[in-house]
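Printed here is model_32.txt (compact mmCIF, C-alpha atoms (C1' of nucleotides)):
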```txt
# COMPACT_ATOMS: atom_id res chain seq x y z
CA MET A 1 0.00 0.00 0.00
CA PRO A 2 1.43 3.38 -0.97
CA ARG A 3 2.05 5.82 1.81
CA ILE A 4 -0.15 8.89 1.67
CA LYS A 5 1.50 12.23 1.10
CA LEU A 6 0.30 14.71 3.69
CA THR A 7 1.67 17.84 2.06
CA ARG A 8 1.31 18.98 -1.48
CA PRO A 9 4.74 19.63 -3.01
CA ARG A 10 5.21 22.92 -4.82
CA PRO A 11 5.77 22.71 -8.57
CA SER A 12 9.47 22.50 -9.23
CA PRO A 13 11.70 22.81 -12.31
CA ALA A 14 12.31 19.09 -12.47
CA ASP A 15 8.67 18.47 -13.34
CA ALA A 16 9.05 20.69 -16.36
CA GLY A 17 9.70 19.57 -19.90
CA ARG A 18 12.15 22.43 -20.19
CA ASN A 19 12.81 25.99 -19.22
CA GLY A 20 11.14 25.54 -15.87
CA THR A 21 7.65 25.42 -17.40
CA THR A 22 5.43 22.38 -17.35
CA GLU A 23 5.27 21.66 -21.08
CA PRO A 24 5.01 17.98 -21.90
CA VAL A 25 8.17 16.16 -22.92
CA ASP A 26 8.76 15.81 -26.65
CA PHE A 27 9.61 12.22 -27.58
CA GLY A 28 10.54 13.05 -31.16
CA PRO A 29 10.66 10.06 -33.50
CA LEU A 30 10.70 7.76 -30.48
CA SER A 31 6.95 8.27 -30.31
CA THR A 32 6.42 6.38 -33.55
CA TRP A 33 9.18 3.79 -33.29
CA VAL A 34 8.12 0.26 -32.63
CA GLY A 35 11.41 -0.67 -30.98
CA PHE A 36 11.05 2.01 -28.33
CA HIS A 37 7.48 1.08 -27.47
CA LEU A 38 8.36 -2.59 -27.41
CA ARG A 39 10.94 -1.78 -24.76
CA MET A 40 8.57 0.36 -22.71
CA ALA A 41 5.71 -2.13 -22.89
CA GLN A 42 7.86 -5.10 -21.94
CA SER A 43 9.30 -3.20 -19.02
CA ALA A 44 5.82 -2.23 -17.79
CA SER A 45 4.53 -5.76 -18.23
CA PHE A 46 7.55 -7.09 -16.36
CA GLN A 47 6.87 -4.86 -13.37
CA ALA A 48 3.20 -5.79 -13.38
CA PHE A 49 4.09 -9.48 -13.36
CA ALA A 50 6.37 -8.96 -10.38
CA ARG A 51 3.49 -7.26 -8.56
CA GLU A 52 1.19 -10.13 -9.43
CA THR A 53 3.55 -12.63 -7.84
CA HIS A 54 3.90 -10.38 -4.80
CA ASP A 55 7.66 -10.19 -5.32
CA THR A 56 7.94 -13.45 -3.41
CA TYR A 57 8.25 -15.99 -6.18
CA LEU A 58 10.17 -16.01 -9.42
CA ARG A 59 10.64 -13.37 -12.05
CA PRO A 60 9.38 -13.93 -15.61
CA GLY A 61 12.66 -15.38 -16.86
CA ARG A 62 12.94 -17.95 -14.08
CA PHE A 63 9.30 -18.77 -14.45
CA ALA A 64 9.72 -19.48 -18.16
CA THR A 65 12.66 -21.73 -17.31
CA LEU A 66 10.55 -23.66 -14.80
CA MET A 67 7.73 -23.98 -17.30
CA LEU A 68 10.01 -25.28 -20.04
CA ILE A 69 11.45 -27.90 -17.72
CA GLY A 70 7.99 -28.86 -16.51
CA LYS A 71 6.69 -29.29 -20.04
CA ASN A 72 9.82 -31.05 -21.28
CA PRO A 73 11.05 -33.35 -18.54
CA GLY A 74 14.47 -34.75 -19.40
CA ILE A 75 15.47 -31.71 -21.44
CA SER A 76 19.18 -30.88 -21.48
CA GLN A 77 20.64 -27.53 -20.49
CA THR A 78 21.75 -26.76 -24.02
CA ALA A 79 18.31 -27.47 -25.47
CA LEU A 80 16.78 -25.36 -22.75
CA SER A 81 19.10 -22.44 -23.38
CA LYS A 82 18.27 -22.60 -27.08
CA ALA A 83 14.55 -22.68 -26.35
CA ASN A 84 14.62 -19.38 -24.55
CA GLY A 85 17.34 -17.88 -26.69
CA ARG A 86 20.10 -17.42 -24.11
CA ASP A 87 23.63 -18.71 -23.91
CA LYS A 88 24.13 -21.91 -21.95
CA SER A 89 26.45 -20.21 -19.50
CA THR A 90 23.60 -17.87 -18.59
CA LEU A 91 21.63 -20.86 -17.46
CA THR A 92 24.20 -22.32 -15.07
CA PRO A 93 23.59 -19.96 -12.11
CA VAL A 94 19.84 -19.98 -12.72
CA LEU A 95 19.67 -23.77 -12.54
CA ALA A 96 21.98 -23.83 -9.54
CA ASP A 97 19.59 -21.51 -7.77
CA LEU A 98 16.48 -23.48 -8.73
CA GLU A 99 18.17 -26.68 -7.60
CA LYS A 100 19.26 -25.13 -4.31
CA ARG A 101 15.66 -24.10 -3.72
CA GLY A 102 14.58 -27.68 -4.30
CA LEU A 103 12.51 -26.90 -7.38
CA ILE A 104 14.39 -28.90 -10.01
CA ARG A 105 16.48 -32.06 -10.27
CA ARG A 106 19.49 -32.61 -12.51
CA LYS A 107 20.38 -36.17 -13.46
CA ARG A 108 23.37 -37.40 -15.43
CA THR A 109 22.38 -39.68 -18.28
CA THR A 110 24.10 -43.01 -18.79
CA GLU A 111 24.21 -42.81 -22.60
CA ASP A 112 26.05 -39.50 -22.71
CA ARG A 113 27.70 -38.61 -19.45
CA ARG A 114 28.28 -35.01 -20.48
CA THR A 115 24.63 -34.06 -20.32
CA TYR A 116 22.18 -33.51 -17.52
CA ARG A 117 18.48 -34.23 -17.71
CA LEU A 118 16.37 -31.63 -16.01
CA SER A 119 13.06 -32.21 -14.30
CA LEU A 120 10.85 -30.67 -11.64
CA THR A 121 10.67 -31.88 -8.08
CA PRO A 122 7.21 -32.10 -6.45
CA ALA A 123 7.94 -28.69 -4.91
CA GLY A 124 8.81 -27.42 -8.38
CA GLU A 125 5.53 -28.74 -9.76
CA LYS A 126 3.65 -27.01 -6.99
CA MET A 127 5.50 -23.76 -7.58
CA LEU A 128 4.78 -24.01 -11.29
CA VAL A 129 1.06 -24.40 -10.63
CA GLU A 130 1.11 -21.45 -8.25
CA LEU A 131 3.01 -19.22 -10.65
CA THR A 132 0.85 -20.28 -13.55
CA LYS A 133 -2.12 -18.86 -11.66
CA CYS A 134 -0.30 -15.55 -11.23
CA ALA A 135 0.78 -15.48 -14.85
CA THR A 136 -2.73 -16.27 -16.01
CA ARG A 137 -4.06 -13.38 -13.97
CA HIS A 138 -1.35 -11.14 -15.38
CA ASP A 139 -2.03 -12.18 -18.92
CA ARG A 140 -5.75 -11.67 -18.43
CA ASN A 141 -4.94 -8.06 -17.56
CA LEU A 142 -2.92 -7.74 -20.73
CA ASP A 143 -5.71 -9.35 -22.72
CA ARG A 144 -8.19 -6.87 -21.35
CA LEU A 145 -6.02 -4.01 -22.59
CA ILE A 146 -5.53 -5.51 -26.01
CA GLY A 147 -9.06 -6.66 -26.59
CA PRO A 148 -10.10 -10.07 -27.96
CA LYS A 149 -10.41 -8.80 -31.49
CA ASP A 150 -6.74 -7.83 -31.84
CA ARG A 151 -5.19 -10.39 -29.55
CA GLU A 152 -4.28 -13.10 -32.04
CA ARG A 153 -2.93 -10.67 -34.59
CA PHE A 154 -0.89 -8.91 -31.91
CA LEU A 155 0.59 -12.19 -30.72
CA ALA A 156 1.35 -13.27 -34.27
CA ILE A 157 3.31 -10.08 -34.86
CA LEU A 158 5.33 -10.52 -31.68
CA ARG A 159 6.16 -14.08 -32.73
CA LYS A 160 7.15 -12.91 -36.17
CA ILE A 161 9.48 -10.26 -34.76
CA THR A 162 11.11 -12.81 -32.49
CA ALA A 163 11.60 -15.29 -35.29
CA GLU A 164 12.60 -13.02 -38.14
CA ILE A 165 14.29 -9.87 -36.94
CA GLY A 166 17.55 -11.73 -36.22
CA MET B 1 30.41 -12.84 -41.33
CA PRO B 2 29.70 -16.24 -39.78
CA ARG B 3 32.44 -18.78 -39.97
CA ILE B 4 31.57 -21.79 -42.07
CA LYS B 5 31.37 -25.13 -40.34
CA LEU B 6 33.48 -27.65 -42.17
CA THR B 7 32.25 -30.71 -40.40
CA ARG B 8 28.72 -31.76 -39.76
CA PRO B 9 28.24 -32.37 -36.05
CA ARG B 10 26.52 -35.58 -35.08
CA PRO B 11 23.09 -35.22 -33.51
CA SER B 12 23.51 -35.03 -29.76
CA PRO B 13 21.16 -35.23 -26.79
CA ALA B 14 21.34 -31.50 -26.16
CA ASP B 15 19.54 -30.79 -29.39
CA ALA B 16 16.65 -32.90 -28.22
CA GLY B 17 13.48 -31.68 -26.65
CA ARG B 18 13.67 -34.61 -24.31
CA ASN B 19 14.67 -38.23 -24.00
CA GLY B 20 17.48 -37.78 -26.45
CA THR B 21 15.14 -37.53 -29.41
CA THR B 22 14.74 -34.41 -31.52
CA GLU B 23 11.12 -33.62 -30.74
CA PRO B 24 10.38 -29.91 -30.70
CA VAL B 25 10.29 -28.19 -27.34
CA ASP B 26 6.86 -27.76 -25.75
CA PHE B 27 6.31 -24.20 -24.59
CA GLY B 28 3.06 -24.97 -22.78
CA PRO B 29 0.94 -21.93 -21.97
CA LEU B 30 3.95 -19.71 -22.66
CA SER B 31 3.10 -20.08 -26.32
CA THR B 32 -0.08 -18.06 -25.95
CA TRP B 33 0.98 -15.60 -23.27
CA VAL B 34 1.45 -12.04 -24.38
CA GLY B 35 3.94 -11.27 -21.61
CA PHE B 36 6.30 -14.01 -22.72
CA HIS B 37 6.24 -12.98 -26.37
CA LEU B 38 6.63 -9.36 -25.44
CA ARG B 39 9.84 -10.31 -23.66
CA MET B 40 11.13 -12.42 -26.54
CA ALA B 41 10.31 -9.83 -29.19
CA GLN B 42 11.88 -6.97 -27.28
CA SER B 43 15.01 -9.00 -26.69
CA ALA B 44 15.26 -9.89 -30.40
CA SER B 45 14.63 -6.30 -31.43
CA PHE B 46 17.26 -5.11 -28.99
CA GLN B 47 19.88 -7.41 -30.48
CA ALA B 48 18.96 -6.36 -34.00
CA PHE B 49 19.33 -2.71 -33.05
CA ALA B 50 22.78 -3.37 -31.64
CA ARG B 51 23.73 -5.02 -34.93
CA GLU B 52 22.40 -2.07 -36.86
CA THR B 53 24.63 0.30 -34.92
CA HIS B 54 27.57 -2.07 -35.44
CA ASP B 55 28.05 -2.34 -31.67
CA THR B 56 30.09 0.85 -31.85
CA TYR B 57 27.59 3.46 -30.77
CA LEU B 58 24.98 3.52 -28.06
CA ARG B 59 22.47 0.95 -26.95
CA PRO B 60 18.73 1.63 -27.22
CA GLY B 61 18.42 3.01 -23.70
CA ARG B 62 21.28 5.48 -24.13
CA PHE B 63 19.99 6.43 -27.51
CA ALA B 64 16.54 7.24 -26.10
CA THR B 65 18.21 9.38 -23.44
CA LEU B 66 20.14 11.30 -26.09
CA MET B 67 16.99 11.79 -28.14
CA LEU B 68 15.00 13.08 -25.19
CA ILE B 69 17.71 15.60 -24.35
CA GLY B 70 18.01 16.63 -27.98
CA LYS B 71 14.28 17.20 -28.31
CA ASN B 72 13.96 18.88 -24.92
CA PRO B 73 17.01 21.07 -24.40
CA GLY B 74 17.16 22.37 -20.85
CA ILE B 75 15.34 19.36 -19.41
CA SER B 76 16.26 18.42 -15.85
CA GLN B 77 17.48 15.01 -14.76
CA THR B 78 14.36 14.30 -12.77
CA ALA B 79 12.06 15.16 -15.67
CA LEU B 80 14.21 13.01 -17.93
CA SER B 81 14.12 10.06 -15.57
CA LYS B 82 10.34 10.32 -15.39
CA ALA B 83 10.06 10.50 -19.17
CA ASN B 84 11.69 7.15 -19.66
CA GLY B 85 10.30 5.64 -16.50
CA ARG B 86 13.49 5.00 -14.53
CA ASP B 87 14.66 6.18 -11.14
CA LYS B 88 16.80 9.32 -11.13
CA SER B 89 19.71 7.47 -9.56
CA THR B 90 19.74 5.20 -12.61
CA LEU B 91 20.42 8.22 -14.75
CA THR B 92 23.46 9.52 -12.88
CA PRO B 93 26.07 7.11 -14.30
CA VAL B 94 24.49 7.27 -17.76
CA LEU B 95 24.75 11.05 -17.90
CA ALA B 96 28.25 10.97 -16.46
CA ASP B 97 29.24 8.67 -19.29
CA LEU B 98 27.57 10.76 -21.99
CA GLU B 99 29.23 13.88 -20.59
CA LYS B 100 32.63 12.20 -20.46
CA ARG B 101 32.20 11.26 -24.11
CA GLY B 102 31.48 14.90 -24.91
CA LEU B 103 27.93 14.27 -26.12
CA ILE B 104 25.97 16.28 -23.57
CA ARG B 105 26.39 19.38 -21.40
CA ARG B 106 25.05 19.91 -17.88
CA LYS B 107 24.51 23.47 -16.70
CA ARG B 108 23.43 24.66 -13.27
CA THR B 109 20.51 27.05 -13.43
CA THR B 110 20.56 30.31 -11.53
CA GLU B 111 16.90 30.17 -10.45
CA ASP B 112 17.19 26.83 -8.75
CA ARG B 113 20.72 25.83 -8.03
CA ARG B 114 19.74 22.23 -7.26
CA THR B 115 18.92 21.38 -10.86
CA TYR B 116 20.97 20.84 -13.96
CA ARG B 117 19.82 21.69 -17.45
CA LEU B 118 20.80 19.11 -19.99
CA SER B 119 21.60 19.76 -23.63
CA LEU B 120 23.51 18.21 -26.49
CA THR B 121 26.95 19.33 -27.60
CA PRO B 122 27.60 19.60 -31.35
CA ALA B 123 29.17 16.15 -31.13
CA GLY B 124 26.01 14.95 -29.41
CA GLU B 125 23.85 16.40 -32.18
CA LYS B 126 25.96 14.65 -34.75
CA MET B 127 25.78 11.37 -32.88
CA LEU B 128 22.03 11.73 -32.59
CA VAL B 129 21.69 12.22 -36.34
CA GLU B 130 23.89 9.22 -36.99
CA LEU B 131 22.01 7.00 -34.57
CA THR B 132 18.69 8.19 -35.86
CA LYS B 133 19.68 6.82 -39.26
CA CYS B 134 20.46 3.44 -37.69
CA ALA B 135 17.24 3.45 -35.70
CA THR B 136 15.24 4.39 -38.76
CA ARG B 137 16.76 1.48 -40.65
CA HIS B 138 16.05 -0.81 -37.74
CA ASP B 139 12.47 0.35 -37.44
CA ARG B 140 11.96 -0.05 -41.15
CA ASN B 141 12.89 -3.70 -40.70
CA LEU B 142 10.35 -4.00 -37.93
CA ASP B 143 7.76 -2.25 -40.07
CA ARG B 144 8.34 -4.66 -42.88
CA LEU B 145 7.63 -7.56 -40.54
CA ILE B 146 4.52 -5.98 -39.13
CA GLY B 147 3.06 -4.69 -42.36
CA PRO B 148 1.59 -1.21 -42.92
CA LYS B 149 -1.96 -2.38 -42.31
CA ASP B 150 -1.35 -3.46 -38.71
CA ARG B 151 1.35 -1.02 -37.75
CA GLU B 152 -0.72 1.72 -36.14
CA ARG B 153 -2.91 -0.70 -34.25
CA PHE B 154 0.15 -2.59 -33.01
CA LEU B 155 1.79 0.61 -31.80
CA ALA B 156 -1.40 1.76 -30.12
CA ILE B 157 -1.58 -1.49 -28.18
CA LEU B 158 2.02 -1.20 -27.03
CA ARG B 159 1.36 2.35 -25.85
CA LYS B 160 -1.75 1.24 -24.03
CA ILE B 161 0.12 -1.53 -22.23
CA THR B 162 2.84 0.90 -21.17
CA ALA B 163 0.34 3.43 -19.89
CA GLU B 164 -2.22 1.22 -18.24
CA ILE B 165 -0.74 -2.04 -17.01
CA GLY B 166 0.85 -0.31 -14.02
C1' DT C 1 10.08 19.70 5.33
C1' DA C 2 10.58 18.68 0.49
C1' DT C 3 13.30 18.26 -3.72
C1' DT C 4 17.59 17.72 -6.79
C1' DG C 5 21.02 15.10 -7.76
C1' DT C 6 24.99 11.85 -5.92
C1' DT C 7 26.91 7.97 -3.62
C1' DA C 8 27.10 3.43 -1.81
C1' DT C 9 25.46 -0.83 -2.42
C1' DA C 10 23.34 -4.76 -4.26
C1' DC C 11 21.01 -7.75 -7.36
C1' DT C 12 19.63 -9.55 -12.04
C1' DC C 13 20.54 -10.58 -16.61
C1' DT C 14 23.53 -11.17 -20.12
C1' DA C 15 27.71 -12.61 -22.86
C1' DT C 16 32.62 -14.27 -24.05
C1' DA C 17 36.47 -17.05 -23.36
C1' DA C 18 38.91 -20.51 -21.29
C1' DC C 19 38.41 -24.69 -19.04
C1' DT C 20 36.97 -30.12 -17.83
C1' DA C 21 35.12 -34.19 -19.02
C1' DT C 22 33.40 -36.68 -22.19
C1' DA C 23 32.33 -38.19 -26.99
C1' DT D 1 37.94 -32.33 -33.05
C1' DA D 2 33.42 -31.36 -31.28
C1' DT D 3 30.04 -31.01 -27.56
C1' DA D 4 28.00 -30.43 -22.56
C1' DG D 5 28.35 -27.90 -18.96
C1' DT D 6 31.23 -24.79 -15.51
C1' DT D 7 34.00 -21.02 -14.12
C1' DA D 8 35.92 -16.50 -14.25
C1' DT D 9 35.06 -12.22 -15.56
C1' DA D 10 32.87 -8.21 -17.22
C1' DG D 11 29.39 -4.95 -18.29
C1' DA D 12 24.71 -3.31 -18.70
C1' DG D 13 20.60 -2.01 -16.23
C1' DT D 14 17.97 -1.52 -12.40
C1' DA D 15 16.54 -0.12 -7.57
C1' DT D 16 16.74 1.46 -2.51
C1' DA D 17 18.49 4.17 1.09
C1' DA D 18 21.17 7.66 3.00
C1' DC D 19 23.19 11.96 2.04
C1' DA D 20 24.56 17.23 0.94
C1' DA D 21 23.01 21.25 -1.02
C1' DT D 22 19.30 23.96 -1.85
C1' DA D 23 14.45 25.47 -1.72
```

If you convert what's in this file into structure tokens, what do you get?
Amino acid sequence: MPRIKLTRPRPSPADAGRNGTTEPVDFGPLSTWVGFHLRMAQSASFQAFARETHDTYLRPGRFATLMLIGKNPGISQTALSKANGRDKSTLTPVLADLEKRGLIRRKRTTEDRRTYRLSLTPAGEKMLVELTKCATRHDRNLDRLIGPKDRERFLAILRKITAEIG
Amino acid sequence: MPRIKLTRPRPSPADAGRNGTTEPVDFGPLSTWVGFHLRMAQSASFQAFARETHDTYLRPGRFATLMLIGKNPGISQTALSKANGRDKSTLTPVLADLEKRGLIRRKRTTEDRRTYRLSLTPAGEKMLVELTKCATRHDRNLDRLIGPKDRERFLAILRKITAEIG
DNA sequence: TATTGTTATACTCTATAACTATA
DNA sequence: TATAGTTATAGAGTATAACAATA
């Protein structure tokens, strides 16, 4: 709950667009660039997700990792890192943390002793269910903003950007 | 230019979705969640932007900062931090860096000696022009993916998410 | 008392390169 | 020689809290 301000602050130069007046800020070409708004929207959505999970659980990235393991038991670290588009070394500390928290298991395979097979523990399954509820709530909020008519098209465009911009 | 692989690597367990086979990875509900795709698309767009600027110039966040100063000469640090939605303390090292590179100027005002007024140096103007070309190229690529028919609607949705999800 | 901007600090996310052990 | 995963390291980006100067 936000603390209530008891006094009304005087207007100050820092609230001004420029020259000490309160003109709105000019965003220039940023205001029509997709890349900029993609960044702003993802950042806002990220913060909203964190609020939805009450800052107690996992952030979106960790959550996606948990989901991918849950849906693909036995997946290797390399396959996992490819699936969410990050380097394998990025995954090492994340998995170490998830394992330390008792959410995932890592098992050496007998066929190829270089690889690990990842899976969820019962606690991990439970956490995934819990977080899925939060994420569903969060995504329902996003859906409400987008509207059912545009939703599929919007999603398709995001997918296309992800797949083809690189 | 990517180096050419001279040998064909054998299929290995890490390429597999699970169980050592090469089934595709199951993304579960992630595949229909806006938040997830927003994250993936912004990350892909970010990388593409960096490629467009040849990794030599500024990253998207710095670039937006430069643009906002350029379009709003005399803006204060607090107003700037509000405009791109970050805490003012986040801005301090960024501005220090831009000043050190000779791209911006910071001037104390006489009316309120707490605030700085930010503006671009000639070098900053030049950099902004240069980067704007890169960003325009980048955004043209995005536009091509989105298509002119959906572009405005797509942008409007991103703006709405930014403004209203919080 | 409130605000501007800085400092100290800390945490997350990310990547590259060099390494090991296995293949 | 190539791959799976780890380690060491580095650099963004972000935030909170305490602070000095100023209002």

Can you move chain A onto chain B by a least-squares fit over all C-alpha atoms paired in order, then give me the moved copy as a compact mmCIF listing (two decimals) with C-alpha atoms, in the coordinates of the input?
```txt
# COMPACT_ATOMS: atom_id res chain seq x y z
CA MET A 1 30.72 -12.45 -40.84
CA PRO A 2 30.04 -15.84 -39.29
CA ARG A 3 32.79 -18.38 -39.50
CA ILE A 4 31.96 -21.37 -41.66
CA LYS A 5 31.72 -24.75 -40.00
CA LEU A 6 33.80 -27.26 -41.91
CA THR A 7 32.48 -30.39 -40.23
CA ARG A 8 28.93 -31.41 -39.67
CA PRO A 9 28.34 -32.13 -35.97
CA ARG A 10 26.60 -35.38 -35.12
CA PRO A 11 23.14 -35.08 -33.58
CA SER A 12 23.49 -34.98 -29.83
CA PRO A 13 21.11 -35.27 -26.87
CA ALA A 14 21.25 -31.57 -26.14
CA ASP A 15 19.47 -30.80 -29.40
CA ALA A 16 16.58 -32.94 -28.29
CA GLY A 17 13.39 -31.74 -26.69
CA ARG A 18 13.65 -34.67 -24.33
CA ASN A 19 14.62 -38.28 -24.04
CA GLY A 20 17.42 -37.87 -26.53
CA THR A 21 15.03 -37.59 -29.48
CA THR A 22 14.60 -34.48 -31.56
CA GLU A 23 10.99 -33.64 -30.70
CA PRO A 24 10.27 -29.93 -30.64
CA VAL A 25 10.20 -28.19 -27.28
CA ASP A 26 6.78 -27.75 -25.71
CA PHE A 27 6.24 -24.17 -24.55
CA GLY A 28 3.01 -24.92 -22.72
CA PRO A 29 0.90 -21.87 -21.90
CA LEU A 30 3.90 -19.66 -22.61
CA SER A 31 3.05 -20.05 -26.28
CA THR A 32 -0.14 -18.05 -25.88
CA TRP A 33 0.94 -15.56 -23.23
CA VAL A 34 1.43 -12.02 -24.33
CA GLY A 35 3.93 -11.25 -21.58
CA PHE A 36 6.29 -14.00 -22.70
CA HIS A 37 6.20 -12.97 -26.35
CA LEU A 38 6.63 -9.34 -25.42
CA ARG A 39 9.84 -10.31 -23.66
CA MET A 40 11.10 -12.43 -26.55
CA ALA A 41 10.27 -9.84 -29.19
CA GLN A 42 11.86 -6.97 -27.30
CA SER A 43 14.99 -9.01 -26.73
CA ALA A 44 15.21 -9.89 -30.44
CA SER A 45 14.58 -6.31 -31.48
CA PHE A 46 17.23 -5.14 -29.03
CA GLN A 47 19.85 -7.43 -30.54
CA ALA A 48 18.90 -6.38 -34.05
CA PHE A 49 19.30 -2.72 -33.10
CA ALA A 50 22.75 -3.41 -31.71
CA ARG A 51 23.68 -5.06 -35.01
CA GLU A 52 22.34 -2.09 -36.93
CA THR A 53 24.59 0.28 -35.01
CA HIS A 54 27.53 -2.07 -35.54
CA ASP A 55 28.02 -2.37 -31.78
CA THR A 56 30.05 0.82 -31.94
CA TYR A 57 27.56 3.43 -30.84
CA LEU A 58 24.95 3.48 -28.13
CA ARG A 59 22.44 0.90 -27.04
CA PRO A 60 18.70 1.61 -27.29
CA GLY A 61 18.42 2.98 -23.76
CA ARG A 62 21.27 5.46 -24.17
CA PHE A 63 19.98 6.41 -27.56
CA ALA A 64 16.54 7.22 -26.14
CA THR A 65 18.23 9.34 -23.48
CA LEU A 66 20.16 11.26 -26.13
CA MET A 67 17.01 11.75 -28.18
CA LEU A 68 15.03 13.06 -25.22
CA ILE A 69 17.74 15.55 -24.38
CA GLY A 70 18.03 16.60 -28.01
CA LYS A 71 14.30 17.18 -28.31
CA ASN A 72 14.00 18.86 -24.92
CA PRO A 73 17.05 21.04 -24.41
CA GLY A 74 17.18 22.34 -20.85
CA ILE A 75 15.37 19.33 -19.42
CA SER A 76 16.28 18.38 -15.86
CA GLN A 77 17.50 14.95 -14.80
CA THR A 78 14.36 14.25 -12.81
CA ALA A 79 12.08 15.12 -15.72
CA LEU A 80 14.21 12.98 -17.97
CA SER A 81 14.11 10.00 -15.64
CA LYS A 82 10.33 10.30 -15.45
CA ALA A 83 10.05 10.49 -19.23
CA ASN A 84 11.68 7.14 -19.72
CA GLY A 85 10.29 5.61 -16.57
CA ARG A 86 13.49 4.98 -14.61
CA ASP A 87 14.66 6.14 -11.23
CA LYS A 88 16.81 9.26 -11.19
CA SER A 89 19.72 7.41 -9.65
CA THR A 90 19.75 5.14 -12.70
CA LEU A 91 20.43 8.16 -14.82
CA THR A 92 23.47 9.46 -12.94
CA PRO A 93 26.07 7.04 -14.38
CA VAL A 94 24.49 7.20 -17.83
CA LEU A 95 24.76 10.99 -17.94
CA ALA A 96 28.26 10.88 -16.52
CA ASP A 97 29.25 8.60 -19.35
CA LEU A 98 27.57 10.70 -22.04
CA GLU A 99 29.23 13.80 -20.63
CA LYS A 100 32.63 12.12 -20.50
CA ARG A 101 32.20 11.20 -24.15
CA GLY A 102 31.49 14.83 -24.94
CA LEU A 103 27.95 14.21 -26.14
CA ILE A 104 25.99 16.22 -23.58
CA ARG A 105 26.41 19.32 -21.41
CA ARG A 106 25.07 19.83 -17.90
CA LYS A 107 24.53 23.38 -16.70
CA ARG A 108 23.47 24.57 -13.26
CA THR A 109 20.55 26.96 -13.40
CA THR A 110 20.64 30.24 -11.52
CA GLU A 111 16.99 30.15 -10.41
CA ASP A 112 17.25 26.79 -8.69
CA ARG A 113 20.79 25.74 -7.99
CA ARG A 114 19.82 22.16 -7.25
CA THR A 115 18.97 21.33 -10.83
CA TYR A 116 20.99 20.78 -13.95
CA ARG A 117 19.86 21.64 -17.45
CA LEU A 118 20.84 19.06 -20.00
CA SER A 119 21.63 19.70 -23.63
CA LEU A 120 23.55 18.16 -26.51
CA THR A 121 26.97 19.27 -27.60
CA PRO A 122 27.64 19.56 -31.36
CA ALA A 123 29.18 16.09 -31.15
CA GLY A 124 26.02 14.89 -29.42
CA GLU A 125 23.87 16.36 -32.18
CA LYS A 126 25.98 14.62 -34.78
CA MET A 127 25.78 11.32 -32.92
CA LEU A 128 22.02 11.71 -32.62
CA VAL A 129 21.69 12.21 -36.37
CA GLU A 130 23.88 9.19 -37.03
CA LEU A 131 21.99 6.97 -34.62
CA THR A 132 18.66 8.19 -35.90
CA LYS A 133 19.64 6.81 -39.30
CA CYS A 134 20.41 3.43 -37.74
CA ALA A 135 17.21 3.43 -35.74
CA THR A 136 15.19 4.38 -38.79
CA ARG A 137 16.69 1.47 -40.69
CA HIS A 138 15.97 -0.82 -37.76
CA ASP A 139 12.42 0.35 -37.45
CA ARG A 140 11.88 -0.04 -41.18
CA ASN A 141 12.80 -3.70 -40.72
CA LEU A 142 10.27 -4.00 -37.94
CA ASP A 143 7.67 -2.24 -40.06
CA ARG A 144 8.24 -4.67 -42.87
CA LEU A 145 7.51 -7.56 -40.52
CA ILE A 146 4.41 -5.98 -39.10
CA GLY A 147 2.95 -4.69 -42.32
CA PRO A 148 1.49 -1.21 -42.87
CA LYS A 149 -2.04 -2.36 -42.26
CA ASP A 150 -1.44 -3.45 -38.66
CA ARG A 151 1.27 -1.01 -37.71
CA GLU A 152 -0.78 1.74 -36.10
CA ARG A 153 -2.98 -0.66 -34.18
CA PHE A 154 0.08 -2.57 -32.98
CA LEU A 155 1.74 0.62 -31.78
CA ALA A 156 -1.43 1.78 -30.08
CA ILE A 157 -1.60 -1.46 -28.11
CA LEU A 158 2.01 -1.18 -27.00
CA ARG A 159 1.36 2.38 -25.83
CA LYS A 160 -1.74 1.28 -23.99
CA ILE A 161 0.14 -1.49 -22.19
CA THR A 162 2.85 0.93 -21.16
CA ALA A 163 0.38 3.47 -19.88
CA GLU A 164 -2.19 1.26 -18.21
CA ILE A 165 -0.70 -1.98 -16.98
CA GLY A 166 0.93 -0.26 -13.99
```

Fill in: Residue nearest chain C - candidates B:Thr65, B:Ser76, B:Thr162, B:Ser119, atoms counted: all atoms listed in the file
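When distances to chain C are compared using all atoms listed in the file, the smallest one comes from B:Ser76.
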
Discussion item. Can you pull out the residues contacting D:DA17? Cut-off 12 Å, using all atoms listed in the file, and skip same-chain residues under 5 positions away; I want them as a ChimeraX atom specification.
Written reply: /B:89 /C:7-10

Could you put an axis-aligned box around every listed atom of stretch 3-12 of chain D, padded by 6 Å on each side, and send me its centre and edge lengths in Å to one decimal, as JSON?
```
{"center_x": 30.3, "center_y": -17.2, "center_z": -20.8, "size_x": 23.2, "size_y": 39.7, "size_z": 25.4}
```

Practice prompt. Return as a ChimeraX atom specification the residues belonging to chain B that are within 12 Å of chain C, counting only C-alpha atoms (C1' of nucleotides).
Written response: /B:9-13,43,47,76-79,81,87-93,95-96,106,108-109,112-117

Practice prompt. At a cut-off of 7 Å, list the chain B residues touching chain A, using all atoms listed in the file, as a PyMOL selection string.
Written response: chain B and resi 14-19+25-28+33-35+37-42+44-45+48+68+71-79+139+145-146+154-155+157-162+165-166

Counting all atoms listed in the file, which residues in chain D sit no more than 8 Å from chain B? For each one, give the nearest pair of atoms and the distance in Å, sorted by chain then residue number, as JSON lines.
```
{"residue": "D:DA2", "atom": "C1'", "partner": "B:Pro9", "partner_atom": "CA", "distance": 7.1}
{"residue": "D:DT3", "atom": "C1'", "partner": "B:Ser12", "partner_atom": "CA", "distance": 8.0}
{"residue": "D:DA4", "atom": "C1'", "partner": "B:Ala14", "partner_atom": "CA", "distance": 7.6}
{"residue": "D:DT14", "atom": "C1'", "partner": "B:Thr90", "partner_atom": "CA", "distance": 7.0}
{"residue": "D:DA15", "atom": "C1'", "partner": "B:Asp87", "partner_atom": "CA", "distance": 7.5}
{"residue": "D:DA21", "atom": "C1'", "partner": "B:Arg114", "partner_atom": "CA", "distance": 7.1}
{"residue": "D:DT22", "atom": "C1'", "partner": "B:Arg114", "partner_atom": "CA", "distance": 5.7}
{"residue": "D:DA23", "atom": "C1'", "partner": "B:Asp112", "partner_atom": "CA", "distance": 7.7}
```
